[in-house]
Each structure stands twice: as structure tokens, then as C-alpha cells.
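Source file: final22.csv. Holds: CSV, C-alpha atoms.
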chain,number,residue,atom,x,y,z
A,1,MET,CA,8.4,41.5,-37.2
A,2,LYS,CA,10.0,44.2,-35.1
A,3,ASN,CA,8.3,47.5,-34.5
A,4,ARG,CA,9.5,50.5,-36.2
A,5,VAL,CA,10.7,53.1,-33.8
A,6,ILE,CA,12.2,56.5,-34.4
A,7,THR,CA,14.8,57.6,-31.8
A,8,ILE,CA,15.8,61.2,-31.6
A,9,SER,CA,19.0,62.3,-29.8
A,10,ARG,CA,19.5,66.0,-29.7
A,11,GLU,CA,21.6,68.9,-28.6
A,12,PHE,CA,19.9,71.0,-26.0
A,13,GLY,CA,18.0,73.9,-27.7
A,14,SER,CA,18.1,72.3,-31.2
A,15,GLY,CA,14.4,71.7,-31.3
A,16,GLY,CA,14.8,67.9,-31.3
A,17,ARG,CA,11.9,67.4,-29.0
A,18,THR,CA,9.6,69.6,-31.1
A,19,ILE,CA,10.7,67.8,-34.2
A,20,GLY,CA,10.0,64.4,-32.5
A,21,LYS,CA,6.5,65.5,-31.5
A,22,LYS,CA,5.7,66.9,-35.0
A,23,VAL,CA,6.9,63.8,-36.7
A,24,ALA,CA,4.8,61.6,-34.4
A,25,GLU,CA,1.7,63.7,-35.1
A,26,LYS,CA,2.2,63.5,-38.8
A,27,LEU,CA,2.7,59.8,-38.7
A,28,GLY,CA,-0.1,59.2,-36.2
A,29,ILE,CA,2.1,57.4,-33.7
A,30,PRO,CA,2.9,58.2,-30.1
A,31,CYS,CA,5.9,60.3,-29.1
A,32,TYR,CA,7.5,59.5,-25.7
A,33,ASP,CA,9.4,62.3,-24.0
A,34,ALA,CA,7.7,63.7,-20.9
A,35,GLU,CA,5.6,60.5,-20.8
A,36,LEU,CA,8.8,58.6,-20.4
A,37,ILE,CA,9.7,60.7,-17.3
A,38,HIS,CA,6.2,60.0,-15.8
A,39,LYS,CA,6.6,56.3,-16.3
A,40,ILE,CA,10.1,56.2,-14.9
A,41,ALA,CA,9.0,58.3,-11.9
A,42,LYS,CA,6.0,56.0,-11.2
A,43,GLU,CA,8.1,52.9,-11.4
A,44,SER,CA,11.1,54.2,-9.5
A,45,GLY,CA,9.4,56.3,-6.9
A,46,PHE,CA,11.8,59.2,-7.7
A,47,ASN,CA,10.8,62.8,-8.3
A,48,GLU,CA,10.3,63.8,-11.9
A,49,ASN,CA,12.8,66.6,-11.7
A,50,TYR,CA,15.4,64.3,-10.3
A,51,ILE,CA,14.8,61.9,-13.2
A,52,LYS,CA,15.1,64.7,-15.7
A,53,ASP,CA,18.5,65.7,-14.3
A,54,ALA,CA,19.7,62.1,-13.9
A,55,GLY,CA,19.2,61.6,-17.6
A,56,GLU,CA,22.0,64.0,-18.2
A,57,TYR,CA,24.5,63.1,-15.5
A,58,ALA,CA,26.9,60.3,-15.5
A,59,PRO,CA,26.7,58.5,-12.1
A,60,GLY,CA,28.2,60.6,-9.4
A,61,GLY,CA,27.3,63.8,-11.1
A,62,TYR,CA,30.7,64.3,-12.5
A,63,ILE,CA,32.9,61.9,-14.4
A,64,SER,CA,35.8,62.4,-12.1
A,65,SER,CA,33.9,61.0,-9.1
A,66,ALA,CA,31.9,58.5,-11.1
A,67,PHE,CA,34.2,55.6,-10.6
A,68,SER,CA,34.9,56.1,-6.9
A,69,ASN,CA,31.2,56.5,-6.1
A,70,ARG,CA,30.6,53.2,-7.8
A,71,MET,CA,32.9,51.4,-5.5
A,72,PHE,CA,30.1,51.5,-2.9
A,73,GLY,CA,27.7,49.7,-5.3
A,74,PRO,CA,25.2,50.8,-7.9
A,75,THR,CA,24.2,54.5,-7.7
A,76,ASN,CA,20.7,55.9,-7.9
A,77,GLU,CA,21.5,56.7,-11.6
A,78,ASP,CA,22.3,53.1,-12.2
A,79,TYR,CA,19.0,52.1,-10.7
A,80,LEU,CA,17.2,54.6,-12.9
A,81,TRP,CA,19.1,53.4,-15.9
A,82,ASN,CA,17.8,49.9,-15.4
A,83,ILE,CA,14.2,51.1,-15.0
A,84,GLN,CA,14.6,53.4,-18.1
A,85,TYR,CA,16.0,50.4,-20.0
A,86,LYS,CA,13.0,48.2,-19.2
A,87,ILE,CA,10.4,50.9,-19.9
A,88,ILE,CA,11.9,51.9,-23.3
A,89,SER,CA,12.2,48.2,-24.3
A,90,GLU,CA,8.5,47.6,-23.4
A,91,LEU,CA,7.3,50.7,-25.3
A,92,ALA,CA,9.1,49.5,-28.4
A,93,GLU,CA,7.5,46.2,-28.0
A,94,LYS,CA,4.0,47.8,-27.8
A,95,GLY,CA,4.2,49.4,-31.3
A,96,PRO,CA,5.7,52.0,-33.6
A,97,CYS,CA,6.6,55.3,-31.8
A,98,VAL,CA,9.0,58.2,-31.5
A,99,ILE,CA,11.3,58.3,-28.5
A,100,VAL,CA,13.2,61.4,-27.7
A,101,GLY,CA,16.4,61.2,-25.7
A,102,ARG,CA,17.3,58.8,-22.9
A,103,CYS,CA,19.7,56.7,-25.0
A,104,ALA,CA,16.8,54.9,-26.7
A,105,ASP,CA,18.9,54.3,-29.8
A,106,TYR,CA,21.4,52.3,-27.7
A,107,ILE,CA,18.7,50.6,-25.5
A,108,LEU,CA,16.9,49.4,-28.6
A,109,ARG,CA,19.9,48.5,-30.7
A,110,ASP,CA,19.0,44.8,-30.9
A,111,LYS,CA,15.3,45.0,-30.1
A,112,ALA,CA,13.6,47.2,-32.6
A,113,ASP,CA,13.7,48.4,-36.2
A,114,CYS,CA,15.0,51.8,-35.4
A,115,LEU,CA,15.5,54.9,-37.4
A,116,LYS,CA,18.2,56.7,-35.4
A,117,ILE,CA,18.3,60.4,-35.7
A,118,PHE,CA,20.5,63.2,-34.2
A,119,ILE,CA,19.5,66.8,-34.3
A,120,HIS,CA,21.9,69.6,-33.7
A,121,ALA,CA,22.3,73.3,-34.4
A,122,ASP,CA,24.8,76.1,-34.1
A,123,MET,CA,25.2,77.9,-30.8
A,124,GLU,CA,23.5,81.1,-32.1
A,125,PHE,CA,20.3,79.3,-33.1
A,126,ARG,CA,20.2,77.4,-29.8
A,127,VAL,CA,20.8,80.4,-27.7
A,128,LYS,CA,17.8,82.2,-29.2
A,129,ARG,CA,15.7,79.1,-29.0
A,130,ILE,CA,16.3,78.3,-25.3
A,131,VAL,CA,15.6,81.9,-24.3
A,132,ASP,CA,12.4,81.8,-26.3
A,133,VAL,CA,11.3,78.4,-25.0
A,134,TYR,CA,12.6,78.3,-21.5
A,135,GLY,CA,13.1,82.0,-20.7
A,136,GLU,CA,16.2,83.7,-19.1
A,137,ARG,CA,18.1,82.2,-16.2
A,138,GLU,CA,20.8,83.3,-13.9
A,139,ILE,CA,23.6,81.8,-16.0
A,140,SER,CA,24.0,82.8,-19.6
A,141,PRO,CA,22.4,80.7,-22.3
A,142,GLU,CA,25.8,79.9,-23.8
A,143,GLN,CA,26.9,78.5,-20.5
A,144,ARG,CA,23.7,76.5,-20.0
A,145,LEU,CA,24.1,75.0,-23.5
A,146,LYS,CA,27.8,74.1,-23.0
A,147,GLU,CA,27.0,72.4,-19.6
A,148,LYS,CA,24.0,70.5,-21.0
A,149,ASP,CA,25.9,69.3,-24.0
A,150,LYS,CA,28.8,68.2,-21.8
A,151,ARG,CA,26.5,66.3,-19.5
A,152,ARG,CA,24.6,64.6,-22.2
A,153,ALA,CA,27.8,63.5,-23.9
A,154,ALA,CA,29.2,62.2,-20.6
A,155,TYR,CA,26.0,60.3,-19.8
A,156,HIS,CA,26.0,58.7,-23.2
A,157,ARG,CA,29.6,57.7,-23.0
A,158,PHE,CA,29.2,56.3,-19.5
A,159,TYR,CA,26.2,54.0,-20.2
A,160,THR,CA,26.5,53.3,-23.9
A,161,ASP,CA,30.1,53.5,-24.9
A,162,MET,CA,28.9,55.4,-27.9
A,163,ASN,CA,30.2,58.8,-29.1
A,164,TRP,CA,27.3,61.2,-28.7
A,165,GLY,CA,27.0,63.3,-31.9
A,166,HIS,CA,29.3,61.1,-34.0
A,167,ALA,CA,27.6,60.7,-37.4
A,168,GLN,CA,28.4,57.0,-37.6
A,169,ASN,CA,26.0,56.3,-34.7
A,170,TYR,CA,23.0,57.6,-36.5
A,171,HIS,CA,21.2,56.9,-39.8
A,172,ILE,CA,20.7,60.6,-40.3
A,173,THR,CA,21.8,63.7,-38.5
A,174,LEU,CA,20.3,67.2,-39.2
A,175,ASN,CA,21.3,70.7,-38.5
A,176,SER,CA,17.9,72.1,-37.5
A,177,GLY,CA,19.3,75.7,-37.4
A,178,VAL,CA,20.3,75.7,-41.0
A,179,LEU,CA,17.6,73.4,-42.4
A,180,GLY,CA,14.8,74.6,-40.3
A,181,ILE,CA,12.5,72.6,-38.0
A,182,GLU,CA,9.8,72.0,-40.6
A,183,ARG,CA,12.2,70.7,-43.2
A,184,CYS,CA,13.7,68.3,-40.6
A,185,VAL,CA,10.2,67.0,-39.8
A,186,ASP,CA,9.6,66.5,-43.5
A,187,ILE,CA,12.8,64.6,-44.2
A,188,ILE,CA,12.2,62.3,-41.2
A,189,THR,CA,8.5,61.7,-42.0
A,190,GLN,CA,9.3,60.9,-45.6
A,191,LEU,CA,11.9,58.3,-44.6
A,192,TYR,CA,9.5,56.5,-42.3
A,193,PRO,CA,6.5,55.0,-44.0
A,194,ASN,CA,8.1,53.6,-47.2
A,195,GLY,CA,11.4,53.1,-45.6
A,196,GLU,CA,13.2,49.8,-45.7
A,197,ILE,CA,15.2,50.5,-42.6
A,198,ASP,CA,16.9,47.2,-42.2
A,199,GLU,CA,20.2,46.6,-40.6
A,200,GLY,CA,20.1,42.9,-41.3
B,1,MET,CA,25.4,86.6,-53.7
B,2,LYS,CA,27.6,83.6,-52.9
B,3,ASN,CA,27.4,80.5,-55.1
B,4,ARG,CA,25.7,77.5,-53.8
B,5,VAL,CA,28.0,74.6,-53.4
B,6,ILE,CA,27.4,71.1,-52.1
B,7,THR,CA,30.4,69.5,-50.4
B,8,ILE,CA,30.5,65.8,-49.8
B,9,SER,CA,32.8,64.2,-47.3
B,10,ARG,CA,32.6,60.5,-47.1
B,11,GLU,CA,33.9,57.3,-45.6
B,12,PHE,CA,35.7,55.1,-48.2
B,13,GLY,CA,33.3,52.7,-49.8
B,14,SER,CA,30.1,54.5,-48.6
B,15,GLY,CA,29.2,55.5,-52.2
B,16,GLY,CA,29.7,59.2,-51.4
B,17,ARG,CA,31.4,59.8,-54.8
B,18,THR,CA,28.5,58.1,-56.6
B,19,ILE,CA,26.0,60.1,-54.6
B,20,GLY,CA,27.8,63.3,-55.5
B,21,LYS,CA,27.8,62.5,-59.2
B,22,LYS,CA,24.1,61.6,-59.3
B,23,VAL,CA,23.1,64.7,-57.3
B,24,ALA,CA,25.1,66.9,-59.7
B,25,GLU,CA,23.5,65.2,-62.7
B,26,LYS,CA,20.0,65.7,-61.3
B,27,LEU,CA,20.7,69.3,-60.6
B,28,GLY,CA,22.5,70.0,-63.9
B,29,ILE,CA,25.6,71.3,-62.2
B,30,PRO,CA,29.2,70.1,-62.4
B,31,CYS,CA,30.7,67.6,-59.9
B,32,TYR,CA,34.3,67.9,-59.1
B,33,ASP,CA,36.1,64.8,-58.0
B,34,ALA,CA,38.5,63.3,-60.5
B,35,GLU,CA,38.5,66.6,-62.3
B,36,LEU,CA,39.9,68.1,-59.1
B,37,ILE,CA,42.8,65.7,-59.2
B,38,HIS,CA,43.6,66.6,-62.8
B,39,LYS,CA,43.6,70.3,-62.0
B,40,ILE,CA,45.8,69.9,-59.0
B,41,ALA,CA,48.2,67.7,-61.0
B,42,LYS,CA,48.4,70.2,-63.8
B,43,GLU,CA,49.1,73.1,-61.5
B,44,SER,CA,51.5,71.3,-59.2
B,45,GLY,CA,53.4,69.1,-61.6
B,46,PHE,CA,52.8,66.1,-59.4
B,47,ASN,CA,51.6,62.7,-60.6
B,48,GLU,CA,47.8,62.1,-60.2
B,49,ASN,CA,48.3,59.0,-58.1
B,50,TYR,CA,50.6,60.8,-55.7
B,51,ILE,CA,47.9,63.5,-55.3
B,52,LYS,CA,45.2,61.0,-54.7
B,53,ASP,CA,47.3,59.5,-51.9
B,54,ALA,CA,48.4,62.8,-50.5
B,55,GLY,CA,44.8,63.8,-50.0
B,56,GLU,CA,44.6,61.0,-47.4
B,57,TYR,CA,47.9,61.4,-45.6
B,58,ALA,CA,48.7,64.0,-43.0
B,59,PRO,CA,52.1,65.5,-43.8
B,60,GLY,CA,54.9,63.1,-43.3
B,61,GLY,CA,52.7,60.1,-44.0
B,62,TYR,CA,52.1,59.3,-40.4
B,63,ILE,CA,51.1,61.6,-37.6
B,64,SER,CA,54.0,60.6,-35.4
B,65,SER,CA,56.5,61.9,-38.0
B,66,ALA,CA,54.4,64.8,-39.2
B,67,PHE,CA,55.8,67.4,-36.8
B,68,SER,CA,59.5,66.5,-37.0
B,69,ASN,CA,59.3,66.5,-40.8
B,70,ARG,CA,57.9,69.9,-40.8
B,71,MET,CA,60.9,71.3,-38.9
B,72,PHE,CA,62.7,71.3,-42.3
B,73,GLY,CA,60.0,73.5,-43.8
B,74,PRO,CA,56.8,72.9,-45.7
B,75,THR,CA,56.3,69.4,-47.0
B,76,ASN,CA,55.1,68.3,-50.4
B,77,GLU,CA,51.7,67.8,-48.8
B,78,ASP,CA,51.7,71.4,-47.6
B,79,TYR,CA,52.5,72.6,-51.1
B,80,LEU,CA,49.6,70.5,-52.5
B,81,TRP,CA,47.3,71.7,-49.8
B,82,ASN,CA,47.9,75.3,-50.9
B,83,ILE,CA,47.2,74.5,-54.5
B,84,GLN,CA,44.1,72.5,-53.6
B,85,TYR,CA,42.9,75.4,-51.5
B,86,LYS,CA,43.3,77.8,-54.4
B,87,ILE,CA,41.7,75.5,-57.0
B,88,ILE,CA,38.6,74.7,-54.8
B,89,SER,CA,38.2,78.4,-53.9
B,90,GLU,CA,38.2,79.3,-57.6
B,91,LEU,CA,35.8,76.6,-58.6
B,92,ALA,CA,33.3,77.8,-56.0
B,93,GLU,CA,33.7,81.3,-57.4
B,94,LYS,CA,32.9,80.1,-60.9
B,95,GLY,CA,29.4,78.8,-60.1
B,96,PRO,CA,27.2,76.2,-58.3
B,97,CYS,CA,28.8,72.7,-58.1
B,98,VAL,CA,29.3,69.5,-56.1
B,99,ILE,CA,32.7,68.9,-54.7
B,100,VAL,CA,33.6,65.5,-53.3
B,101,GLY,CA,36.3,65.2,-50.6
B,102,ARG,CA,39.5,67.2,-50.3
B,103,CYS,CA,38.3,69.2,-47.3
B,104,ALA,CA,36.2,71.4,-49.5
B,105,ASP,CA,33.8,72.1,-46.6
B,106,TYR,CA,36.6,73.6,-44.6
B,107,ILE,CA,38.2,75.4,-47.5
B,108,LEU,CA,34.9,77.1,-48.4
B,109,ARG,CA,33.8,77.8,-44.9
B,110,ASP,CA,33.7,81.6,-45.4
B,111,LYS,CA,33.6,81.7,-49.2
B,112,ALA,CA,30.5,79.9,-50.4
B,113,ASP,CA,27.0,79.1,-49.5
B,114,CYS,CA,27.7,75.5,-48.8
B,115,LEU,CA,25.5,72.6,-48.1
B,116,LYS,CA,27.8,70.4,-46.1
B,117,ILE,CA,27.2,66.6,-46.3
B,118,PHE,CA,28.8,63.5,-44.8
B,119,ILE,CA,28.1,60.1,-46.1
B,120,HIS,CA,29.0,56.9,-44.1
B,121,ALA,CA,27.9,53.3,-44.0
B,122,ASP,CA,28.4,50.2,-41.9
B,123,MET,CA,31.5,48.1,-42.4
B,124,GLU,CA,29.5,45.3,-44.1
B,125,PHE,CA,28.0,47.5,-46.8
B,126,ARG,CA,31.4,49.1,-47.5
B,127,VAL,CA,33.3,45.9,-47.7
B,128,LYS,CA,30.8,44.6,-50.3
B,129,ARG,CA,30.9,47.8,-52.2
B,130,ILE,CA,34.7,48.3,-52.4
B,131,VAL,CA,35.1,44.7,-53.6
B,132,ASP,CA,32.4,45.3,-56.3
B,133,VAL,CA,33.8,48.7,-57.4
B,134,TYR,CA,37.5,48.3,-56.9
B,135,GLY,CA,38.0,44.5,-57.0
B,136,GLU,CA,40.0,42.3,-54.6
B,137,ARG,CA,43.4,43.4,-53.3
B,138,GLU,CA,46.2,41.7,-51.3
B,139,ILE,CA,45.1,43.1,-48.0
B,140,SER,CA,41.5,42.4,-46.8
B,141,PRO,CA,38.8,44.9,-47.5
B,142,GLU,CA,38.2,45.4,-43.8
B,143,GLN,CA,41.9,46.4,-43.4
B,144,ARG,CA,41.7,48.7,-46.4
B,145,LEU,CA,38.7,50.4,-45.0
B,146,LYS,CA,40.2,50.9,-41.6
B,147,GLU,CA,43.4,52.3,-43.0
B,148,LYS,CA,41.6,54.7,-45.4
B,149,ASP,CA,39.3,55.9,-42.6
B,150,LYS,CA,42.2,56.5,-40.3
B,151,ARG,CA,44.1,58.4,-42.9
B,152,ARG,CA,41.2,60.6,-43.9
B,153,ALA,CA,40.5,61.5,-40.3
B,154,ALA,CA,44.1,62.3,-39.6
B,155,TYR,CA,44.4,64.4,-42.8
B,156,HIS,CA,41.3,66.4,-41.8
B,157,ARG,CA,42.4,66.9,-38.3
B,158,PHE,CA,45.8,68.1,-39.4
B,159,TYR,CA,44.7,70.7,-42.0
B,160,THR,CA,41.3,71.7,-40.7
B,161,ASP,CA,41.2,71.1,-36.9
B,162,MET,CA,37.8,69.6,-37.5
B,163,ASN,CA,36.6,66.3,-36.3
B,164,TRP,CA,35.9,64.2,-39.4
B,165,GLY,CA,32.6,62.5,-39.1
B,166,HIS,CA,31.4,64.6,-36.2
B,167,ALA,CA,27.7,65.5,-36.9
B,168,GLN,CA,28.1,69.1,-35.8
B,169,ASN,CA,30.4,69.8,-38.7
B,170,TYR,CA,27.8,69.0,-41.3
B,171,HIS,CA,24.3,70.2,-42.2
B,172,ILE,CA,23.3,66.6,-42.9
B,173,THR,CA,24.9,63.2,-42.5
B,174,LEU,CA,23.4,60.1,-44.1
B,175,ASN,CA,24.0,56.3,-43.6
B,176,SER,CA,24.0,55.2,-47.3
B,177,GLY,CA,24.0,51.6,-46.3
B,178,VAL,CA,20.7,51.8,-44.4
B,179,LEU,CA,19.0,54.5,-46.4
B,180,GLY,CA,20.3,53.4,-49.9
B,181,ILE,CA,22.2,55.4,-52.4
B,182,GLU,CA,19.1,56.6,-54.3
B,183,ARG,CA,17.4,57.8,-51.3
B,184,CYS,CA,20.5,59.8,-50.2
B,185,VAL,CA,20.5,61.4,-53.7
B,186,ASP,CA,16.8,62.3,-53.4
B,187,ILE,CA,17.2,63.9,-49.9
B,188,ILE,CA,20.2,66.0,-51.0
B,189,THR,CA,18.6,67.0,-54.3
B,190,GLN,CA,15.4,68.1,-52.5
B,191,LEU,CA,17.3,70.2,-50.1
B,192,TYR,CA,19.2,72.1,-52.8
B,193,PRO,CA,17.0,74.2,-55.1
B,194,ASN,CA,14.4,75.5,-52.7
B,195,GLY,CA,16.7,75.5,-49.8
B,196,GLU,CA,17.5,78.6,-47.8
B,197,ILE,CA,20.9,77.4,-46.7
B,198,ASP,CA,22.1,80.4,-44.9
B,199,GLU,CA,24.5,80.5,-42.1
B,200,GLY,CA,24.3,84.2,-41.7
Could you spell out this file's structure in C-alpha cells?
Amino acid sequence: MKNRVITISREFGSGGRTIGKKVAEKLGIPCYDAELIHKIAKESGFNENYIKDAGEYAPGGYISSAFSNRMFGPTNEDYLWNIQYKIISELAEKGPCVIVGRCADYILRDKADCLKIFIHADMEFRVKRIVDVYGEREISPEQRLKEKDKRRAAYHRFYTDMNWGHAQNYHITLNSGVLGIERCVDIITQLYPNGEIDEG
Amino acid sequence: MKNRVITISREFGSGGRTIGKKVAEKLGIPCYDAELIHKIAKESGFNENYIKDAGEYAPGGYISSAFSNRMFGPTNEDYLWNIQYKIISELAEKGPCVIVGRCADYILRDKADCLKIFIHADMEFRVKRIVDVYGEREISPEQRLKEKDKRRAAYHRFYTDMNWGHAQNYHITLNSGVLGIERCVDIITQLYPNGEIDEG
């Protein structure tokens, strides 16, 4: 019997991480997000901030240079990807959990009984949220969001060959801005315990 | 106060039409699907089968010929699009309802308080379903599904400039194959009456 795992992919500022934590609390199962970064840092020897960043950049930092950089062998990001792959697979082996980000949906595609979720929201909601949660920065919140989204999409494409944010890649996608964080938590929680999530 | 309308876009064979009907029944509001075709036929003078097909073809039948055909003025599909636009706008004015397909989400983007839904499912589920519901045809079910999907995506892109099936275009997307038709109906129904669907 495979473990049941909820994977949450999300647009920056959509509240996906908060939703993941609340769902895990309600279900009484662990949520791996920051913990994942600690584990990857411990195993790789890299700095936690570097790992956070690397999870959003395709190798080489920019797609245009990704392939040329790779001609000299695996990049640091490739090395991190392998460690991340191993750690996420092990966590899913251990027991039911929620995993936020880090391409867990792809990594666990054959290994766990996953409920695959994508959380997104309109620009206005996300702008307000990132300023509330993370404070002001030098660049505008709109610019930060656009850059983050672009990087996450590129990272996903590079390692998984999946279209980030394409409905067909998920069991359920939710607009947290329109539906509200709490309602998203309820929908996901209700799907979990009685669910017959079974992709055959 | 705008009327609350549920729009359902769907992959062919995903059960989106059935889900729309069941949701409407549960909520005691009308569901427009075949009725929409009747109305468009009546107003346009075109045959119903032609309208069904036209709702899945970008003008000219194929994208490659779409632009050259248009050099000779609006196509039949453009004419139908205008009628469809008008009819859907009028229906939303009349009162709360469910509208399946026909780019209603786009047509009502500024006119109604819409809950925008996309239903999809894996190939295996859809193959089984279209054979059960529509019977065998000369071409294989996989081929039929691929062609239908391609046409719907092209039609959407042509008239709406939206990416069909892209999570960000919807409030909620559901994999009916994994979640099951009934559970999709429940999720949507629960969102409707108490929902504060408000895009500002």
C-alpha cells in the first residue's frame, strides 16, 4: 500500500504554503516545506538560502545559458535536484504528509498515492499578500511576482517536462484569491480522508 | 447585483456536461448546453449539427487557413460567434444558471458573477466514457479525443486569446477521472450557494 501524500504547487503569493500547513494540521500529518530545505542543506552542504533560490532557477540561472553550462557536466542545481529527489522519495516512503513545492508531484509520480494540487491567484491578491507577508522590497511586488512565476515555470519545465500551472497536471487547482484560503483548506481536507485517489 | 453563473469548460469525454447538469439539478437552476445549440440554430438559421461542429473549429476549419479565409470578410463561424455571444449574454442577464462550453467564461468575463470551472480527465477514463456514452466510431476513441481537444483549444485561442486548460483561467479545475463525477458535483455545489465569488 502506497502512502497518501498531498503535493502542493503554487504561484508565489497565492498562499499555497499556508494552505499546505493548515491542511496538514487539520489532518494531523506533517507538512514539509522549510523542513525540506533543512534536510537538503544538511545532505548537500549548501547554504539554505542558496537552496531556496536554486529551487526556482533552471540550471545556469537562465534558460538561455542552461544548455551551454551543462556542456561542462552536471551543475550545482543538478546535484541539488538529485538530493531533493532522494529526500522527497524517502519522506513519501515514511508516511502520509503534505509536501509544498520542489516538484514533489513529479518526483512522486510513480512512488506514492498523490493528491496533486495547484494553488494560484490573481495578481492583485498576490501583490497584497506578499507585501503583507514578506514586506516591501526594492523592486515592485508586481515585478517580483512576474519573475518568481517565470522562474518556477522554467524550473519545472527543465526538470519535469511538465507544464507548470496546466490543469491537466493536477487533480485539483484552486484560485485562492477568489475562493479564499480557508475554503481551499476545506476542499482539500475533505478530499483526503475518504478519498479513493487511485490512478490505477 | 450581477447574476451568479457557473461556466463549465471541459475536455471531451471528461463528463463535464453531466457534471453541469447534475449541479444545475441540485441547485434548482437551469443548465444550458443543448438548449444553447437550439437557440443559436433558431437565431442563425444554421443546422444544429453545423453549430455543434462550429463550436469546435477555429474559423476556416484549420488554423493554417483561418487567416487567409478571413481576408474575404467574416466567416460563418464569426457570424455564429456573434450570435452565441449575444445569446449567452442574454441568458446570464435572465438569472442564475449553469452554462456548459461555448466559451461562456470568456463571454461573461465582465457581465456576470461567474464561477469558472474546467473539468478534465486522463485519456483512459475518457476513452472508456466516450465509448460508453457515444458508442464506437470508425476512428479510434484516442484519435477522436485528441482531435476534439485540439479543436477546442484552437477555437478558444482564436476567439478568446485564453489558454484553454490553463489553471489560471479558472476558479477551480477538477480531474473527474480521479475524483469521480459525483465528488466533482459536490465540490461545485458546495461552492455555489454560500460562496462569495467576487472578483471585484
(request) Would you work out the distance separating atom CA of B:Glu35 from atom CA of B:Cys114, expressed in Å to one decimal? (result)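 Those two atoms sit 19.4 Å apart.
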(request) Write out as a ChimeraX atom specification the residues lying within 9 Å of stretch 8-23 of chain B, counting only C-alpha atoms and excluding same-chain residues fewer than 2 positions away. (result) /B:6,25-33,98-105,115-123,125-130,133,144-145,148-149,152,164-165,175-177,181-182,184-186,188-189
Please identify all residues of chain B having at least one atom at most 7 Å from any atom of chain A, considering all atoms listed in the file, and return them as a PDB file with C-alpha atoms, keeping the file's coordinate frame.
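Heads up, here's the output in selection_4.pdb:
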ATOM      1  CA  HIS B 120      29.000  56.900 -44.100  1.00  0.00           C
ATOM      2  CA  GLY B 165      32.600  62.500 -39.100  1.00  0.00           C
ATOM      3  CA  HIS B 166      31.400  64.600 -36.200  1.00  0.00           C
ATOM      4  CA  ALA B 167      27.700  65.500 -36.900  1.00  0.00           C
ATOM      5  CA  GLN B 168      28.100  69.100 -35.800  1.00  0.00           C
ATOM      6  CA  HIS B 171      24.300  70.200 -42.200  1.00  0.00           C
ATOM      7  CA  ILE B 172      23.300  66.600 -42.900  1.00  0.00           C
ATOM      8  CA  THR B 173      24.900  63.200 -42.500  1.00  0.00           C
ATOM      9  CA  LEU B 174      23.400  60.100 -44.100  1.00  0.00           C
ATOM     10  CA  ASN B 175      24.000  56.300 -43.600  1.00  0.00           C
ATOM     11  CA  VAL B 178      20.700  51.800 -44.400  1.00  0.00           C
ATOM     12  CA  LEU B 179      19.000  54.500 -46.400  1.00  0.00           C
ATOM     13  CA  ILE B 197      20.900  77.400 -46.700  1.00  0.00           C
ATOM     14  CA  ASP B 198      22.100  80.400 -44.900  1.00  0.00           C
ATOM     15  CA  GLU B 199      24.500  80.500 -42.100  1.00  0.00           C
TER      16      GLU B 199
END
(message) Counting all atoms listed in the file, which residue out of B:Tyr50, B:Ile107, B:Pro141, B:Tyr134 sits closest to B:Thr160?
(response)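 For B:Thr160, the nearest of the given residues is B:Ile107.
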(request) State, in Å with one decimal place, the distance from atom CA of A:Val131 to atom CA of A:Lys52. (result)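 Distance between the two atoms: 19.2 Å.
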(request) Quote the spacing between atom CA of A:Glu93 and atom CA of A:Ala112 in Å to one decimal place. (result)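 Spanning atom CA of A:Glu93 to atom CA of A:Ala112 is a straight-line distance of 7.7 Å.
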With a cut-off of 12 Å, could you pull out the residues of stretch 137-169 of chain B touching stretch 70-84 of chain B and give me the nearest pair of atoms for each, distance in Å to one decimal, using all atoms listed in the file, ordered by chain and ascending number, as CSV?
residue,atom,partner,partner_atom,distance
B:Tyr155,CA,B:Glu77,CA,10.0
B:His156,CA,B:Trp81,CA,11.3
B:Phe158,CA,B:Asp78,CA,10.6
B:Tyr159,CA,B:Trp81,CA,8.3
B:Thr160,CA,B:Trp81,CA,10.9
N, CA and C atoms for stretch 95-109 of chain B, written as a tab-separated table (two decimals), in the frame of the given file, could you do that?
chain	number	residue	atom	x	y	z
B	95	GLY	N	30.83	79.04	-60.01
B	95	GLY	CA	29.40	78.80	-60.10
B	95	GLY	C	29.00	77.59	-59.19
B	96	PRO	N	27.69	77.29	-59.11
B	96	PRO	CA	27.20	76.20	-58.30
B	96	PRO	C	27.83	74.86	-58.72
B	97	CYS	N	28.15	74.01	-57.78
B	97	CYS	CA	28.80	72.70	-58.10
B	97	CYS	C	28.70	71.78	-56.91
B	98	VAL	N	29.06	70.53	-57.17
B	98	VAL	CA	29.30	69.50	-56.10
B	98	VAL	C	30.75	69.26	-56.02
B	99	ILE	N	31.30	69.27	-54.83
B	99	ILE	CA	32.70	68.90	-54.70
B	99	ILE	C	32.83	67.77	-53.68
B	100	VAL	N	33.49	66.70	-54.14
B	100	VAL	CA	33.60	65.50	-53.30
B	100	VAL	C	35.00	65.46	-52.67
B	101	GLY	N	35.01	65.35	-51.37
B	101	GLY	CA	36.30	65.20	-50.60
B	101	GLY	C	37.16	66.39	-50.60
B	102	ARG	N	38.44	66.16	-50.29
B	102	ARG	CA	39.50	67.20	-50.30
B	102	ARG	C	39.22	68.38	-49.39
B	103	CYS	N	38.51	68.13	-48.30
B	103	CYS	CA	38.30	69.20	-47.30
B	103	CYS	C	37.60	70.42	-47.83
B	104	ALA	N	36.81	70.26	-48.87
B	104	ALA	CA	36.20	71.40	-49.50
B	104	ALA	C	35.28	72.16	-48.49
B	105	ASP	N	34.63	71.42	-47.60
B	105	ASP	CA	33.80	72.10	-46.60
B	105	ASP	C	34.54	73.08	-45.78
B	106	TYR	N	35.73	72.68	-45.41
B	106	TYR	CA	36.60	73.60	-44.60
B	106	TYR	C	37.11	74.72	-45.45
B	107	ILE	N	37.59	74.39	-46.64
B	107	ILE	CA	38.20	75.40	-47.50
B	107	ILE	C	37.20	76.50	-47.87
B	108	LEU	N	35.93	76.11	-48.02
B	108	LEU	CA	34.90	77.10	-48.40
B	108	LEU	C	34.12	77.66	-47.27
B	109	ARG	N	34.62	77.44	-46.06
B	109	ARG	CA	33.80	77.80	-44.90
B	109	ARG	C	33.34	79.24	-44.87
